Amino acid sequence: MCKFSYSGRRAPGGAGWRLCCMLAIAWILGAPRSFAACLMSKDPAIRELQTLVDKDAAQALKQVQARLQSLEYAPQTNVQLLAALYAVQSQAYSILELDDEARNAASKGLRIATRVSDPVHLDLLSSYAENVYDAAGMEAALKTIDAARAAQAPGSLADTCLLITRGTLQRRQDRADLAISSLTQAYHASTSPEFAAPRINSAAELSTVMRSMGDYTQALALNEEVIDWDAEQGATLSLSVNRFLRGKILSLMGKYSSAIGEFAEARKLSVQLHDTQGVAFADLHDCDARLELGQLQLAGRECNQALRAFRAAHSADEVKDTLALLARIDLASGRADKALSTLNQVLDQGGADLLPSRVASLYQSRARANAALHNYRDAYADSSEYARRYAAANDAERSKAAALLRAQFETDREIERNAVLKRELGVSREQAQRQARELRWNAIVVTSGVLVIALLIYFLVANRRYRQQLVKLASQDGLTGLPNRRRTAELATAALAYATVSEDPLTIAIIDMDHFKVINDRCGHATGDFVLKEFARLGREALRDADVLGRWGGEEFLLVMPGATLEVAQASLERMRTLVFGIHLPTSGAGLRVSVSAGLATSQRHGRSLDEMIARADSALYAAKNAGRDLVCVADEGFLSTTGIRRAIRL
């Protein structure tokens, strides 16, 4: 039975055991190997085997092994042919995700083909490097690849193939900025027909990097190029994986209906290949897309199909991914107790065994399940953990985006620099041949320099604009347009500091939408989003210019009112409550109305820190909830003891 992990490394076992896993691993990694051979052999028999690897790697491996056995008994062995067969064998093992075997085959070939100018030697070198995963090994492989590139003519086919291998290793090291630079250079260098295979390999790798960096438009365009090639070449395995990856990109873009269509096509191809794990991955992501569309029954069916397959294969990580989706389905269907039980199972190790990018949403889902079951203390703890992990993920994404911008800028500048050098070389040769054309070529060089400067200015301006957009995204809630939690906390802290110095009053309020889950469940998430946006708009109308209303998390908001006494704050909140009553719900929400509950706290009464004020306001909010909702409560003065505040902060 196969066992998988997201690290891309497999549990120990024999080659026969691992061959049962050969197709499934590509789905788990989410980034297929470069199937198309980069340096195609001139020998028709070897070229035929290289082409077969793309279509059926297992069958190609059998044929290669049969030919290798026959050569062992040959009186005079063709050394060049033997090395070429080892190269094909290594590539087939690589696609089957048998790393050790791929490296061993490449090592045998490298001992025979030693000339650095030999295409077979370079093919073996790349195959060996692409099957290294440990940090020290990847660093050593990069040095070897760079040394081999130094011996090649810049822009040659061999140099371009080595550049793709370099980008693959850099992506595997999580250096997307360096990988983009290497792969973009290879992609732009692969424009002529004889560079068709390198162009597809670089496009496939570049699409994966662009997707990880959030540039989905570019990732999709590159993926389409690879799919067209796969269909033309009849590379069924590669086509099934790339149709699946196209579905993932479309899902990330929010085009869920189109994504479902791609997963269905990938599933058909997996059925043809008898790839049960590929089918399971298609079902899993189909479930995710249908969940986003609110098709809960269909989503549950797909997820349960995937769960059975993953459990049968003992794919522990994928089982947890599937259970997380099923928990979301239960939560949306009103089965909060079942959802909570499932999420506790998924988070049994505190998310340490899961991808960091997925853990934040799991805590958010568990917070909602706890809230639905009135476990408010647990809900608050999970919400806090979600906020912490979400902020960390946002910081990581911003760093990636900045790195992407730098890499694209540096790559474009390098390409332009190479173009200028080529033009200058042409000018030099023309001057040697025809002195009369000197003035004309000088003018071309000057014009090119002006264009380069203009491009650099454009990139700098675009970079500045992009940074401004990043700052805005980092401080603004994307749905309501209000300040996000971090920005709201910064403004509240500054307001409290000013109130402390000036001895002016400062009042804050925690505001929560009543029965928001019921509205979401009955009217749909689109209506829920509409209610949140309308509340934000009406809130701004009801408040003073100096007041700050920010989104604190989910359906909860923090109101900061500098210079406002409790009486002024209560009056503002009453105006807000009155306006909120006017938010209309669709017919599916018959019998429901939009209302809010709020808890007030003022700095004039023991407001020593923002955490204390929020704890007091939060306690007042829960009092309003327990008193029947649609109320504004003021923090209980009996709660103002140090012990009471500390207890609330802990909760």
# chains A, B, ... in the order shown; residues from 1 in each chain; ligands from 1
>>> residues_around(residues="Gly553 of chain A", least_positions_apart="6", cutoff="10 Å", atoms="only C-alpha atoms", output="PyMOL selection string")
chain A and resi 364+383-384+386-387+477+484-485+512
>>> select_by_dssp(residues="segment 65-171 of chain A", states="helix (DSSP H, G or I)", output="VMD selection string")
chain A and resid 65 to 72 79 to 95 99 to 112 119 to 129 135 to 150 157 to 171
>>> residues_around(residues="Thr587 of chain A", least_positions_apart="3", cutoff="10 Å", atoms="only C-alpha atoms", output="list in words")
Arg522, Cys523, His584, Ala590, Gly591 and Leu592 of chain A
>>> atom_distance(atom1="atom CA of Leu252 of chain A", atom2="atom CA of Ser357 of chain A")
13.4 Å
>>> residues_around(residues="segment 230-236 of chain A", least_positions_apart="5", cutoff="10 Å", atoms="only C-alpha atoms", output="PyMOL selection string")
chain A and resi 35-36+51-56+200+224-225+241-243+266+269-270+272-273
>>> atom_distance(atom1="atom CA of Asp228 of chain A", atom2="atom CA of Arg267 of chain A")
17.8 Å
>>> closest_residue(among="A:Ser126, A:Asn131, A:Gln170, A:Thr500", to="Arg149 of chain A", atoms="only C-alpha atoms")
A:Ser126
>>> residues_around(residues="Leu110 of chain A", least_positions_apart="3", cutoff="12 Å", atoms="only C-alpha atoms", output="list in words")
Val79, Gln80, Leu82, Ala83, Ala84, Leu85, Tyr86, Ala87, Ser90, Arg103, Asn104, Ala105, Ala106, Ser107, Ala113, Thr114, Arg115, Val116, Asp118, Pro119, Val120, His121, Leu122, Asp123, Leu124, Leu125, Ser126, Ser127 and Tyr128 of chain A
>>> write_last_selection(atoms="C-alpha atoms", output="compact mmCIF listing (two decimals), in the first residue's frame")
# COMPACT_ATOMS: atom_id res chain seq x y z
CA VAL A 79 29.81 3.18 -24.92
CA GLN A 80 27.90 6.20 -26.28
CA LEU A 82 25.11 2.69 -23.20
CA ALA A 83 25.40 6.17 -21.67
CA ALA A 84 22.35 7.36 -23.64
CA LEU A 85 20.32 4.40 -22.34
CA TYR A 86 21.33 5.23 -18.77
CA ALA A 87 20.12 8.81 -19.40
CA SER A 90 17.30 7.93 -15.19
CA ARG A 103 20.51 9.11 -9.33
CA ASN A 104 22.17 5.67 -9.56
CA ALA A 105 21.37 5.38 -13.28
CA ALA A 106 22.67 8.91 -13.90
CA SER A 107 25.86 8.15 -11.96
CA ALA A 113 30.16 9.96 -20.71
CA THR A 114 32.70 12.31 -19.13
CA ARG A 115 33.13 15.06 -21.73
CA VAL A 116 31.41 18.27 -20.57
CA ASP A 118 28.78 15.82 -24.72
CA PRO A 119 24.95 16.33 -24.76
CA VAL A 120 24.49 12.91 -23.11
CA HIS A 121 26.80 13.99 -20.27
CA LEU A 122 24.74 17.17 -19.77
CA ASP A 123 21.47 15.20 -19.90
CA LEU A 124 22.77 12.83 -17.21
CA LEU A 125 24.03 15.76 -15.13
CA SER A 126 20.61 17.45 -15.20
CA SER A 127 18.77 14.21 -14.42
CA TYR A 128 21.00 13.59 -11.40
>>> residues_around(residues="Leu298 of chain A", least_positions_apart="2", cutoff="12 Å", atoms="only C-alpha atoms", output="JSON, numbers by chain")
{"A": [260, 283, 284, 286, 287, 288, 289, 290, 291, 292, 293, 294, 295, 296, 300, 301, 302, 303, 304, 305, 326, 329]}
>>> select_by_dssp(residues="segment 544-651 of chain A", states="strand (DSSP E or B)", output="list in words")
Val548, Leu549, Gly550, Arg551, Trp552, Gly553, Glu556, Phe557, Leu558, Leu559, Val560, Met561, Pro562, Val596, Ser597, Ala598, Gly599, Leu600, Ala601, Thr602, Val632, Cys633 and Val634 of chain A
>>> atom_distance(atom1="atom CA of Val209 of chain A", atom2="atom CA of Arg172 of chain A")
9.9 Å
>>> residues_around(residues="Leu610 of chain A", least_positions_apart="2", cutoff="12 Å", atoms="only C-alpha atoms", output="ChimeraX atom specification")
/A:488-497,499-500,506-509,558,560,601-603,606-608,612-618,645,649
